[in-house]
Structure formats: C-alpha cells, structure tokens
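Source file: upload_23.txt; contents: compact mmCIF, C-alpha atoms.
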```txt
# COMPACT_ATOMS: atom_id res chain seq x y z
CA MET A 1 8.22 -1.49 2.47
CA THR A 2 7.49 0.93 5.19
CA GLY A 3 4.03 2.26 5.64
CA THR A 4 3.38 3.32 9.20
CA THR A 5 3.79 6.50 11.18
CA ASP A 6 4.74 6.76 14.83
CA THR A 7 2.98 10.09 15.26
CA ALA A 8 0.42 9.87 18.06
CA VAL A 9 -3.15 10.66 17.06
CA PRO A 10 -5.64 11.79 19.71
CA THR A 11 -8.71 9.57 19.90
CA THR A 12 -10.98 12.62 19.85
CA GLY A 13 -10.39 13.08 16.12
CA VAL A 14 -7.60 14.62 14.15
CA GLN A 15 -9.95 17.24 12.73
CA SER A 16 -9.89 18.92 16.17
CA LEU A 17 -6.24 18.72 17.14
CA GLN A 18 -5.15 20.96 19.99
CA LEU A 19 -2.07 22.75 18.71
CA THR A 20 0.49 25.02 20.24
CA PRO A 21 0.62 28.57 18.83
CA GLU A 22 3.80 27.85 16.88
CA ALA A 23 2.08 24.86 15.22
CA LYS A 24 -1.00 26.73 13.97
CA ASN A 25 0.30 26.49 10.40
CA LEU A 26 2.30 23.49 9.23
CA ALA A 27 3.01 22.22 5.72
CA GLN A 28 1.89 18.78 4.62
CA ASN A 29 4.59 16.19 5.34
CA ILE A 30 4.61 12.95 3.35
CA THR A 31 7.66 10.69 3.56
CA PRO A 32 8.14 6.90 3.71
CA TRP A 33 8.14 7.26 7.52
CA ASP A 34 5.72 10.10 8.28
CA VAL A 35 2.33 11.02 6.87
CA GLU A 36 0.80 14.24 8.14
CA GLY A 37 -1.67 16.57 6.51
CA ALA A 38 -1.15 20.33 6.58
CA VAL A 39 -2.33 22.49 9.45
CA VAL A 40 -3.99 25.79 8.49
CA ASP A 41 -5.05 28.26 11.18
CA GLY A 42 -4.82 25.50 13.75
CA LYS A 43 -7.04 23.08 11.84
CA ALA A 44 -5.65 19.81 10.49
CA GLN A 45 -6.33 19.36 6.77
CA PRO A 46 -6.96 16.23 4.69
CA ILE A 47 -4.04 14.93 2.62
CA ASP A 48 -3.76 16.97 -0.60
CA TYR A 49 -3.12 14.30 -3.24
CA ASN A 50 -3.08 16.74 -6.15
CA MET A 51 -0.22 18.53 -4.42
CA LEU A 52 1.64 15.22 -4.16
CA ILE A 53 1.22 14.58 -7.89
CA GLU A 54 2.75 17.99 -8.58
CA LYS A 55 5.50 17.63 -5.96
CA PHE A 56 6.57 14.11 -6.98
CA GLY A 57 6.13 14.68 -10.71
CA THR A 58 3.75 11.77 -11.27
CA ARG A 59 0.71 11.58 -13.54
CA LYS A 60 -2.92 11.41 -12.52
CA ILE A 61 -4.89 8.30 -13.42
CA ASP A 62 -7.59 9.82 -15.58
CA ALA A 63 -10.60 8.57 -17.50
CA ALA A 64 -8.53 8.03 -20.65
CA ILE A 65 -6.09 5.61 -19.05
CA LEU A 66 -8.92 3.75 -17.29
CA GLU A 67 -10.66 3.38 -20.65
CA ARG A 68 -7.45 2.07 -22.19
CA PHE A 69 -6.97 -0.33 -19.28
CA GLU A 70 -10.41 -1.83 -19.89
CA LYS A 71 -9.83 -2.03 -23.65
CA VAL A 72 -6.43 -3.74 -23.31
CA THR A 73 -7.35 -6.16 -20.53
CA GLY A 74 -11.01 -6.81 -21.25
CA HIS A 75 -11.74 -6.17 -17.57
CA LYS A 76 -13.66 -3.37 -15.90
CA PRO A 77 -11.16 -1.49 -13.72
CA HIS A 78 -10.99 -2.59 -10.10
CA MET A 79 -13.09 -0.52 -7.69
CA LEU A 80 -9.91 0.96 -6.20
CA LEU A 81 -9.08 2.30 -9.67
CA ARG A 82 -12.64 3.41 -10.48
CA ARG A 83 -12.91 5.37 -7.24
CA GLY A 84 -9.52 7.03 -7.44
CA VAL A 85 -7.95 5.21 -4.48
CA PHE A 86 -5.14 4.32 -6.88
CA PHE A 87 -4.88 7.82 -8.29
CA SER A 88 -1.38 8.38 -9.68
CA HIS A 89 1.16 6.54 -11.80
CA ARG A 90 4.51 6.47 -13.50
CA ASP A 91 4.44 4.93 -16.98
CA LEU A 92 1.38 2.72 -16.53
CA ALA A 93 0.80 3.16 -20.26
CA GLY A 94 4.09 1.35 -20.95
CA ILE A 95 2.88 -1.68 -18.99
CA LEU A 96 -0.39 -1.69 -20.93
CA ASP A 97 1.64 -1.54 -24.16
CA ARG A 98 3.64 -4.60 -23.13
CA HIS A 99 0.53 -6.55 -22.21
CA GLU A 100 -1.07 -5.64 -25.53
CA GLN A 101 2.06 -6.87 -27.34
CA GLY A 102 2.27 -10.08 -25.30
CA LYS A 103 5.56 -9.01 -23.72
CA PRO A 104 6.36 -9.98 -20.12
CA PHE A 105 6.34 -7.90 -16.98
CA TYR A 106 5.88 -8.69 -13.32
CA LEU A 107 4.37 -7.17 -10.20
CA TYR A 108 6.35 -6.10 -7.15
CA THR A 109 5.04 -4.88 -3.82
CA GLY A 110 6.02 -5.28 -0.20
CA ARG A 111 5.27 -5.12 3.48
CA GLY A 112 7.24 -3.72 6.38
CA PRO A 113 6.40 -6.12 9.25
CA SER A 114 6.38 -3.76 12.22
CA ARG A 115 3.94 -5.87 14.24
CA ASP A 116 2.45 -9.36 14.28
CA HIS A 117 -0.70 -8.63 12.25
CA MET A 118 -1.48 -6.30 9.39
CA HIS A 119 -4.27 -3.74 9.53
CA ILE A 120 -6.87 -3.23 6.84
CA GLY A 121 -4.88 -0.41 5.25
CA HIS A 122 -2.02 -2.83 4.60
CA MET A 123 -4.41 -5.14 2.77
CA LEU A 124 -5.24 -2.65 0.01
CA PRO A 125 -2.12 -3.09 -2.18
CA PHE A 126 -2.30 -6.86 -1.72
CA THR A 127 -6.00 -7.00 -2.63
CA PHE A 128 -5.23 -4.90 -5.69
CA CYS A 129 -2.13 -6.94 -6.58
CA LYS A 130 -4.12 -10.18 -6.41
CA TRP A 131 -6.62 -8.74 -8.86
CA LEU A 132 -3.88 -7.42 -11.18
CA GLN A 133 -2.12 -10.78 -11.06
CA ASP A 134 -5.31 -12.57 -12.11
CA VAL A 135 -6.07 -10.04 -14.87
CA PHE A 136 -2.57 -10.02 -16.40
CA ASP A 137 -1.45 -13.56 -15.42
CA VAL A 138 2.00 -12.39 -14.34
CA PRO A 139 4.46 -13.23 -11.55
CA LEU A 140 4.32 -11.28 -8.29
CA VAL A 141 7.21 -10.79 -5.88
CA ILE A 142 6.49 -9.58 -2.35
CA GLN A 143 9.39 -8.18 -0.34
CA LEU A 144 9.14 -8.38 3.46
CA THR A 145 11.39 -5.60 4.73
CA ASP A 146 12.09 -7.02 8.18
CA ASP A 147 15.58 -5.50 7.99
CA GLU A 148 14.13 -2.04 7.39
CA LYS A 149 11.83 -2.31 10.38
CA PHE A 150 14.75 -3.32 12.57
CA LEU A 151 16.75 -0.32 11.35
CA PHE A 152 13.97 2.25 11.59
CA LYS A 153 12.13 1.02 14.70
CA PRO A 154 14.66 1.08 17.57
CA LYS A 155 12.36 -0.77 19.97
CA LEU A 156 12.05 -3.84 17.71
CA THR A 157 14.51 -6.72 17.92
CA LEU A 158 15.71 -8.86 15.05
CA ASP A 159 13.76 -11.82 16.39
CA GLU A 160 10.56 -9.77 16.57
CA VAL A 161 10.70 -8.44 13.02
CA TYR A 162 11.59 -11.87 11.67
CA ALA A 163 8.63 -13.43 13.52
CA ASN A 164 6.38 -10.67 12.17
CA SER A 165 7.50 -11.56 8.63
CA ALA A 166 6.44 -15.16 9.14
CA LYS A 167 3.00 -14.06 10.30
CA ALA A 168 2.69 -11.74 7.31
CA VAL A 169 3.30 -14.69 4.97
CA HIS A 170 0.48 -16.57 6.68
CA GLU A 171 -1.97 -13.68 6.20
CA LEU A 172 -0.90 -13.26 2.58
CA ALA A 173 -1.42 -16.96 1.92
CA ALA A 174 -4.94 -16.60 3.33
CA MET A 175 -5.64 -13.94 0.69
CA GLY A 176 -5.29 -16.56 -2.01
CA PHE A 177 -1.79 -16.00 -3.36
CA ARG A 178 -0.45 -19.18 -4.94
CA PRO A 179 3.21 -20.24 -5.22
CA GLU A 180 2.82 -20.92 -8.97
CA LYS A 181 2.57 -17.17 -9.47
CA THR A 182 3.93 -15.62 -6.26
CA PHE A 183 7.28 -15.46 -4.48
CA ILE A 184 7.30 -13.97 -0.97
CA PHE A 185 10.67 -13.34 0.62
CA SER A 186 12.14 -11.96 3.81
CA ASN A 187 15.14 -9.75 3.18
CA MET A 188 16.86 -11.43 6.12
CA ASP A 189 16.49 -14.80 4.38
CA TYR A 190 16.95 -13.91 0.71
CA MET A 191 19.96 -11.61 1.02
CA GLY A 192 22.76 -12.93 -1.19
CA GLY A 193 23.35 -14.13 -4.73
CA ALA A 194 21.92 -12.12 -7.63
CA PHE A 195 19.73 -10.08 -5.29
CA TYR A 196 22.71 -8.86 -3.28
CA ARG A 197 24.74 -8.21 -6.43
CA ASN A 198 22.02 -5.85 -7.63
CA ILE A 199 21.91 -4.17 -4.21
CA LEU A 200 25.64 -3.51 -4.48
CA SER A 201 25.33 -2.10 -8.00
CA ILE A 202 22.49 0.17 -6.93
CA SER A 203 24.22 1.34 -3.77
CA ARG A 204 27.30 2.34 -5.76
CA SER A 205 25.12 4.31 -8.17
CA ILE A 206 23.39 6.51 -5.56
CA THR A 207 25.41 9.18 -3.80
CA PHE A 208 24.84 10.30 -0.22
CA ASN A 209 23.84 13.72 -1.55
CA GLN A 210 21.12 12.11 -3.68
CA ALA A 211 19.86 10.11 -0.71
CA LYS A 212 19.84 13.22 1.50
CA ALA A 213 17.95 15.23 -1.10
CA THR A 214 15.39 12.47 -1.60
CA PHE A 215 14.82 11.28 1.98
CA GLY A 216 16.08 14.10 4.19
CA PHE A 217 18.80 11.98 5.79
CA ASP A 218 21.26 13.86 7.97
CA ASN A 219 24.44 12.98 9.87
CA SER A 220 22.47 11.52 12.78
CA TYR A 221 21.07 8.63 10.73
CA ALA A 222 22.52 5.15 11.15
CA ILE A 223 24.34 3.97 8.03
CA GLY A 224 21.95 1.05 7.72
CA ARG A 225 19.07 3.44 7.17
CA ILE A 226 20.99 5.38 4.54
CA HIS A 227 21.84 2.17 2.69
CA PHE A 228 18.33 0.70 2.86
CA PRO A 229 16.91 2.40 -0.29
CA SER A 230 19.20 0.24 -2.43
CA ILE A 231 17.64 -2.87 -0.83
CA GLN A 232 14.08 -1.77 -1.56
CA ALA A 233 15.11 -0.87 -5.10
CA ALA A 234 16.66 -4.24 -5.99
CA PRO A 235 13.41 -6.25 -6.46
CA ALA A 236 12.47 -3.79 -9.23
CA PHE A 237 15.23 -5.43 -11.34
CA CYS A 238 14.18 -8.79 -12.73
CA SER A 239 17.70 -10.21 -12.51
CA SER A 240 17.31 -10.21 -8.72
CA PHE A 241 15.18 -13.34 -9.25
CA PRO A 242 17.14 -15.70 -11.53
CA GLU A 243 14.93 -18.64 -10.49
CA ILE A 244 12.00 -16.87 -12.19
CA PHE A 245 13.57 -14.74 -14.92
CA GLY A 246 16.90 -16.44 -15.57
CA THR A 247 19.61 -14.05 -16.70
CA ARG A 248 17.26 -11.60 -18.39
CA LYS A 249 17.50 -7.91 -17.54
CA ASP A 250 14.84 -6.62 -19.93
CA ILE A 251 11.63 -7.40 -18.01
CA PRO A 252 10.13 -4.39 -16.20
CA CYS A 253 7.84 -4.46 -13.20
CA LEU A 254 4.72 -2.63 -12.11
CA ILE A 255 4.81 -1.56 -8.45
CA PRO A 256 1.48 -0.90 -6.72
CA CYS A 257 2.26 1.04 -3.52
CA ALA A 258 1.15 3.94 -1.39
CA ILE A 259 2.32 7.34 -2.64
CA ASP A 260 4.73 7.75 0.31
CA GLN A 261 6.90 4.99 -1.19
CA ASP A 262 7.49 6.87 -4.45
CA PRO A 263 10.83 8.43 -3.38
CA TYR A 264 12.43 4.97 -3.27
CA PHE A 265 11.46 4.27 -6.83
CA ARG A 266 12.30 7.69 -8.24
CA LEU A 267 15.89 6.83 -7.34
CA THR A 268 15.42 3.32 -8.75
CA ARG A 269 14.22 4.72 -12.07
CA ASP A 270 17.22 7.08 -12.14
CA VAL A 271 19.75 4.24 -11.90
CA ALA A 272 17.89 1.56 -13.88
CA GLN A 273 19.05 2.37 -17.39
CA PRO A 274 22.72 2.98 -16.46
CA LEU A 275 22.62 -0.49 -14.88
CA LYS A 276 21.03 -1.88 -18.07
CA HIS A 277 17.64 -2.65 -16.53
CA LYS A 278 14.17 -1.47 -17.43
CA LYS A 279 12.70 1.36 -15.39
CA PRO A 280 9.94 0.19 -13.05
CA SER A 281 6.43 1.52 -13.53
CA LEU A 282 4.37 2.55 -10.51
CA ILE A 283 0.74 2.95 -9.55
CA HIS A 284 0.15 4.90 -6.34
CA SER A 285 -2.63 4.64 -3.81
CA GLN A 286 -4.04 7.07 -1.33
CA PHE A 287 -3.78 6.25 2.36
CA LEU A 288 -6.54 4.54 4.26
CA PRO A 289 -7.51 7.16 6.86
CA ALA A 290 -6.98 6.59 10.54
CA LEU A 291 -10.15 5.99 12.49
CA GLN A 292 -9.82 9.54 13.80
CA GLY A 293 -10.11 11.17 10.40
CA THR A 294 -8.84 11.93 6.92
CA THR A 295 -5.83 14.04 7.92
CA SER A 296 -3.69 11.03 8.85
CA LYS A 297 -3.31 7.41 7.77
CA MET A 298 -4.00 4.27 9.73
CA SER A 299 -1.00 3.27 11.85
CA SER A 300 0.20 -0.05 13.23
CA SER A 301 1.85 1.82 16.08
CA ILE A 302 -1.40 3.09 17.58
CA ASP A 303 -4.14 0.53 18.20
CA SER A 304 -6.92 3.09 18.45
CA THR A 305 -6.28 4.35 14.89
CA ALA A 306 -6.53 0.98 13.20
CA VAL A 307 -8.63 -2.12 12.53
CA PHE A 308 -6.37 -5.19 12.50
CA MET A 309 -6.71 -8.46 10.65
CA ASN A 310 -6.85 -10.39 13.94
CA ASP A 311 -9.58 -8.22 15.45
CA THR A 312 -12.74 -10.05 16.51
CA PRO A 313 -16.19 -8.96 15.24
CA ALA A 314 -16.81 -7.36 18.63
CA GLN A 315 -13.53 -5.43 18.48
CA ILE A 316 -14.28 -4.20 14.97
CA LYS A 317 -17.72 -3.01 16.08
CA ASN A 318 -16.33 -1.27 19.14
CA LYS A 319 -13.54 0.50 17.23
CA ILE A 320 -15.86 1.83 14.51
CA ASN A 321 -18.53 2.94 16.97
CA LYS A 322 -16.09 4.47 19.45
CA TYR A 323 -13.32 5.96 17.32
CA ALA A 324 -14.48 6.43 13.70
CA PHE A 325 -14.71 10.16 13.01
CA SER A 326 -18.21 11.22 12.02
CA GLY A 327 -19.18 13.64 9.30
CA GLY A 328 -22.63 13.97 10.83
CA GLN A 329 -24.21 16.70 12.91
CA THR A 330 -24.09 16.93 16.71
CA SER A 331 -27.64 15.59 17.11
CA LEU A 332 -29.89 13.31 15.09
CA GLU A 333 -32.42 16.12 14.72
CA GLU A 334 -29.81 18.43 13.20
CA HIS A 335 -28.49 15.61 11.03
CA ARG A 336 -31.96 14.99 9.60
CA GLN A 337 -32.29 18.73 8.91
CA PHE A 338 -28.85 19.60 7.57
CA GLY A 339 -27.36 16.27 6.52
CA GLY A 340 -23.78 15.05 6.91
CA ASN A 341 -20.50 15.16 5.01
CA PRO A 342 -19.43 11.73 3.71
CA ASP A 343 -16.12 13.18 2.48
CA VAL A 344 -14.84 13.33 6.07
CA ASP A 345 -16.93 10.52 7.54
CA VAL A 346 -14.54 7.66 8.23
CA ALA A 347 -17.15 4.88 8.15
CA TYR A 348 -18.24 6.01 4.68
CA GLN A 349 -14.65 6.39 3.52
CA TYR A 350 -13.91 2.79 4.55
CA LEU A 351 -16.92 1.63 2.55
CA THR A 352 -15.46 3.25 -0.57
CA TYR A 353 -12.38 1.04 -0.08
CA PHE A 354 -14.10 -2.24 0.78
CA LEU A 355 -17.66 -2.24 -0.65
CA ASP A 356 -17.64 -3.23 -4.32
CA ASP A 357 -21.21 -2.12 -5.15
CA ASP A 358 -20.87 1.27 -6.87
CA GLU A 359 -24.61 1.92 -6.74
CA GLU A 360 -24.85 1.30 -3.00
CA VAL A 361 -21.79 3.46 -2.31
CA ALA A 362 -23.38 6.33 -4.26
CA GLN A 363 -26.71 5.88 -2.48
CA LEU A 364 -25.01 5.93 0.91
CA ALA A 365 -23.25 9.20 0.11
CA GLU A 366 -26.43 10.83 -1.21
CA GLY A 367 -28.53 9.61 1.71
CA TYR A 368 -25.96 10.84 4.22
CA ARG A 369 -25.79 14.29 2.64
CA LYS A 370 -29.59 14.54 2.76
CA GLY A 371 -29.74 13.36 6.37
CA GLU A 372 -31.75 10.28 5.40
CA ILE A 373 -28.92 7.99 6.59
CA SER A 374 -27.67 8.59 10.12
CA THR A 375 -24.14 8.24 11.43
CA GLY A 376 -25.21 5.15 13.34
CA GLU A 377 -26.60 3.54 10.20
CA MET A 378 -23.46 4.38 8.23
CA LYS A 379 -21.28 2.89 10.94
CA ALA A 380 -23.44 -0.23 11.09
CA ARG A 381 -22.97 -0.83 7.35
CA CYS A 382 -19.23 -0.25 7.65
CA ILE A 383 -19.00 -2.67 10.58
CA LYS A 384 -20.78 -5.40 8.64
CA VAL A 385 -18.56 -4.98 5.56
CA LEU A 386 -15.32 -5.02 7.59
CA GLN A 387 -16.45 -7.97 9.70
CA GLU A 388 -17.14 -9.95 6.52
CA PHE A 389 -13.84 -8.96 4.85
CA ILE A 390 -11.71 -9.77 7.88
CA GLY A 391 -13.75 -12.82 8.85
CA GLU A 392 -13.32 -14.44 5.43
CA ILE A 393 -9.54 -14.08 5.57
CA GLN A 394 -9.42 -15.31 9.16
CA GLU A 395 -11.42 -18.38 8.16
CA ARG A 396 -9.15 -19.15 5.18
CA ALA A 397 -6.09 -18.67 7.39
CA LYS A 398 -7.15 -21.71 9.41
CA SER A 399 -6.54 -23.99 6.42
CA VAL A 400 -3.18 -22.54 5.34
CA SER A 401 -0.68 -25.40 5.45
CA ASN A 402 3.00 -25.32 6.32
CA GLN A 403 3.68 -26.69 2.84
CA LEU A 404 1.92 -23.74 1.21
CA LEU A 405 3.93 -21.31 3.34
CA ALA A 406 7.17 -23.08 2.37
CA ASP A 407 6.25 -23.10 -1.34
CA LEU A 408 5.41 -19.39 -1.39
CA GLN A 409 8.86 -18.64 0.06
CA ASN A 410 10.79 -21.12 -2.08
CA PRO A 411 12.64 -19.22 -4.84
CA SER A 412 13.03 -22.45 -6.82
CA PHE A 413 9.35 -23.40 -6.83
CA PRO A 414 8.31 -23.93 -10.50
CA ARG A 415 6.85 -20.67 -11.75
CA LYS A 416 6.27 -20.90 -15.51
CA PHE A 417 4.75 -18.13 -17.59
CA ALA A 418 4.40 -18.35 -21.38
CA SER A 419 4.90 -14.60 -21.80
CA LEU A 420 8.42 -14.87 -20.37
CA ASP A 421 9.49 -16.57 -23.59
CA LYS A 422 8.76 -13.44 -25.58
CA LYS A 423 11.21 -10.56 -25.75
```
Can I see the file as structure tokens?
Amino acid sequence: MTGTTDTAVPTTGVQSLQLTPEAKNLAQNITPWDVEGAVVDGKAQPIDYNMLIEKFGTRKIDAAILERFEKVTGHKPHMLLRRGVFFSHRDLAGILDRHEQGKPFYLYTGRGPSRDHMHIGHMLPFTFCKWLQDVFDVPLVIQLTDDEKFLFKPKLTLDEVYANSAKAVHELAAMGFRPEKTFIFSNMDYMGGAFYRNILSISRSITFNQAKATFGFDNSYAIGRIHFPSIQAAPAFCSSFPEIFGTRKDIPCLIPCAIDQDPYFRLTRDVAQPLKHKKPSLIHSQFLPALQGTTSKMSSSIDSTAVFMNDTPAQIKNKINKYAFSGGQTSLEEHRQFGGNPDVDVAYQYLTYFLDDDEEVAQLAEGYRKGEISTGEMKARCIKVLQEFIGEIQERAKSVSNQLLADLQNPSFPRKFASLDKK
C-alpha cells in the first residue's frame, strides 16, 4: 500500500508556509499519493477528518461502537481506538457480528516499501493489527506493494524496491508477528495462481472511467499505474490465499489502513459481490503528522519530516528538538503566562500515538495548556517514549532468524484456525 507524499515540507513548520498569491486558498487534497491540508488566507490548515468522512461516505467510530467492541471481545479498546486515531470505518459492526457468532474473518494490511526502513507512522497500522490479531485470534495477510512503488516512484529500480521489501519483512518480524498467524508477501514474488486469477477478475470488472473518477488518472499515466488498484484489491478476497482458506470465497476481511487508502477499497467493495466474494470491512486511521506540523503527514521521502525505525537515540533526540513544531509561546515567560496548544504541538501529538497511559496523556495536555509544562519538557517526554519504542524493536530485530523470515513468507506454512471450520 502506498502511504507517502513527495511534497516538500519546509523545516520551519508547515503552519507558516510561504505561499504565492495564487496559492493563498487551496482545498484539502487527500489521495493515495498526496496528503495536503487546505490553505485558507495563506495559512495551512490541519487535516479535516470530518470532511473526509463526509466525502468518502464512511462512518465515524463513536462511543456506541467502542462499547460494543469491548462487550464482544472482552477487551478494552486499543489506545488508538480510544483516542480517535482510528476514527472511521466501513461495516466494522459486521466484523463484530461474525466474531460474536464464531464465524471466520481475517485481517489484511500492507506496506509500500519506498525506502529501506519504515518510519514511526508506518508502524501504527502494524501495531494495531498485531493487537487485533491477538484479540480476535485470526489470520493476517500483509501485502508488500514493491510493484506499486516501482510504478509510482520513477527514481526507484526494481532491485531497490525488492530489497526494501525484504527489509520490511525483517522489521515486521521484530514486531512479534508469527508465521502461525501471519503471511507476508511481496507482490513481485507471489504474483500468479489464485492471486493472479482474482486480479484478472477484478481488473475486468473496473472500467477506466471508474478508475479515473476514483483516482484522478488521466491519459498521461502509465498503464501499470492504472491497473494497480486491481492488485491492491485482490488480497481482500480470501480465495487469493488457497493455502490458508482453501477454495472458500465467503470469508471477509477487516482492513486497518490510513484514510487515504479508502479509494482502493471502495472499488473493491463495488466488485466483490458480483465476483461472489464478501465485501471487505475497513477501519481508517488518521495520519501521523510530519515533524513540521499537523497539516501534513510524515513522509519517507523527506528525512527531516520523519523519525525512522533505524534512527539512533541521538538522531531521535535531535529530530524532535530541532524539527518538531511547537504549540508553545515564543518565550518561556510567555508560555508560563499564557500556556500552549497541545492540539498543534507535534511532540504532544506523538505521545497520543505512542504513550499508552491515558492519565499521563491527559495530564500532559492540561499542564501544557496551563503553562506548567514547557515545550522542552514535552519534547523530552516524547523523545524518551520514541527512543524506548524504536529501541525495543531494534533490539528484537537482532534475534530475527532467516528461518523466521522464510516462514513468514511461506504461503504453505501451517496456519490452522478453528474458526475457519465454521461457515
């Protein structure tokens, strides 16, 4: 799956973009390839997620569905659900119904390997998927769209994207995914068989006009790009994985992904029933902000916007201190008097994604608003949390064996789930 933007972001902070007169007012632009907040009177705006819910026709994750989730699963919702990071869905209730009835489903997510290491924003759907997998005890398939990155990133070679896929598998293995429950595949390796048959069926079911209307393709696009949506759609059909699901076509999936990926799966849902498959359900996340602020997402293409999984503790500290946009005042004296705004403070925002303690997160926000917690103190807490998160995965990565990597990518590895026996 794609998830990065090539748009350059000034290191001075996207809240203070210098714009040409003709760019003083721009609409929000959210696609699988570009994520840009609106510009109003020359000022860049945060992403409007309520507008995306309305535009895409999804449903907000509200208190009622969170309450039902806890009742059905017996688990308190994950912090990313509690805090509204995963904020929108398509038919999540249907997945909860199936779990309540003991009927099978599976998880599907992906990664577009545009560079050799993921950044912390890429880790969010995988962290969430790992938790969902443990809660529901279901299979997970992870698609590595190395082909897509080759098609959409002209500077990347086939060898580079394929090597990036291999490194992504290593980082995913370090997160604790096990081959008994997880199948990770490179499109360049897995293309063929039942997977390719589903790609063909999907590609014949989507017209060029539909693709243009959904993605904005025009006559300048390479045909590989235009065809790619059918490849990302295919893992949403269980028959793409006969080694796990046999010949069944009646097992739906739940797809945790960033909201910019929704257009792919709107088309998938449109063609699912005519092709005698279940419609996929989706649960959408917000974007992890770039270091420069909440109007753009973290990008692999621009080092200064992102914290990467191979960054050292010193690099993490330097990036947060140097680049993380502050919601504080211009001086400590003014900050103590007037307080800061945690809603735009990047260090605080990162803590809402990576610090599990709800009470501490609330105290940090309150203290910052009152001026009792300074920008430096907020950044210091953020640095510590990110250093621990990244450091733990880096340490586990050292013990990942070649056998584990092979097993995770082996479609025939024994993956047995009792719920698959039930219709």
Can you tell me how far CA of Cys382 in chain A sits from CA of Tyr348 in chain A, in Å to one decimal? 7.0 Å
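Interatomic distance, CA of His99 in chain A to CA of Phe245 in chain A: 17.0 Å.
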Would you compute the distance between CA of Ala213 in chain A and CA of Arg225 in chain A? Give it in Å to one decimal. 14.4 Å
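Those residues that approach His277 in chain A to within 10 Å, counting all atoms listed in the file, are Ala236, Phe237, Cys238, Ser239, Arg248, Lys249, Asp250, Ile251, Pro252, Arg269, Val271, Ala272 and Gln273 of chain A; same-chain residues fewer than 4 positions away are not listed.
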Once you have the residues from the selection above, write them out as a PDB file, in the frame of the given file, restricted to C-alpha atoms.
```pdb
ATOM      1  CA  ALA A 236      12.470  -3.790  -9.230  1.00  0.00           C
ATOM      2  CA  PHE A 237      15.230  -5.430 -11.340  1.00  0.00           C
ATOM      3  CA  CYS A 238      14.180  -8.790 -12.730  1.00  0.00           C
ATOM      4  CA  SER A 239      17.700 -10.210 -12.510  1.00  0.00           C
ATOM      5  CA  ARG A 248      17.260 -11.600 -18.390  1.00  0.00           C
ATOM      6  CA  LYS A 249      17.500  -7.910 -17.540  1.00  0.00           C
ATOM      7  CA  ASP A 250      14.840  -6.620 -19.930  1.00  0.00           C
ATOM      8  CA  ILE A 251      11.630  -7.400 -18.010  1.00  0.00           C
ATOM      9  CA  PRO A 252      10.130  -4.390 -16.200  1.00  0.00           C
ATOM     10  CA  ARG A 269      14.220   4.720 -12.070  1.00  0.00           C
ATOM     11  CA  VAL A 271      19.750   4.240 -11.900  1.00  0.00           C
ATOM     12  CA  ALA A 272      17.890   1.560 -13.880  1.00  0.00           C
ATOM     13  CA  GLN A 273      19.050   2.370 -17.390  1.00  0.00           C
TER      14      GLN A 273
END
```
Skipping near chain neighbours, those fewer than 5 positions away, what residues fall within 9 Å of Asp343 in chain A using only C-alpha atoms, listed as a ChimeraX atom specification? /A:294,327,348-349,365
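Closest approach to Glu243 in chain A among A:Met188, A:Leu52, A:Phe195, A:Pro46: A:Phe195, based on all atoms listed in the file.
For Asp48 in chain A, the set of protein, DNA and RNA residues having any atom at most 8 Å away, when counting only C-alpha atoms and skipping those fewer than 3 positions along the same chain, is Gln28, Gly37, Met51 and Leu52 of chain A.
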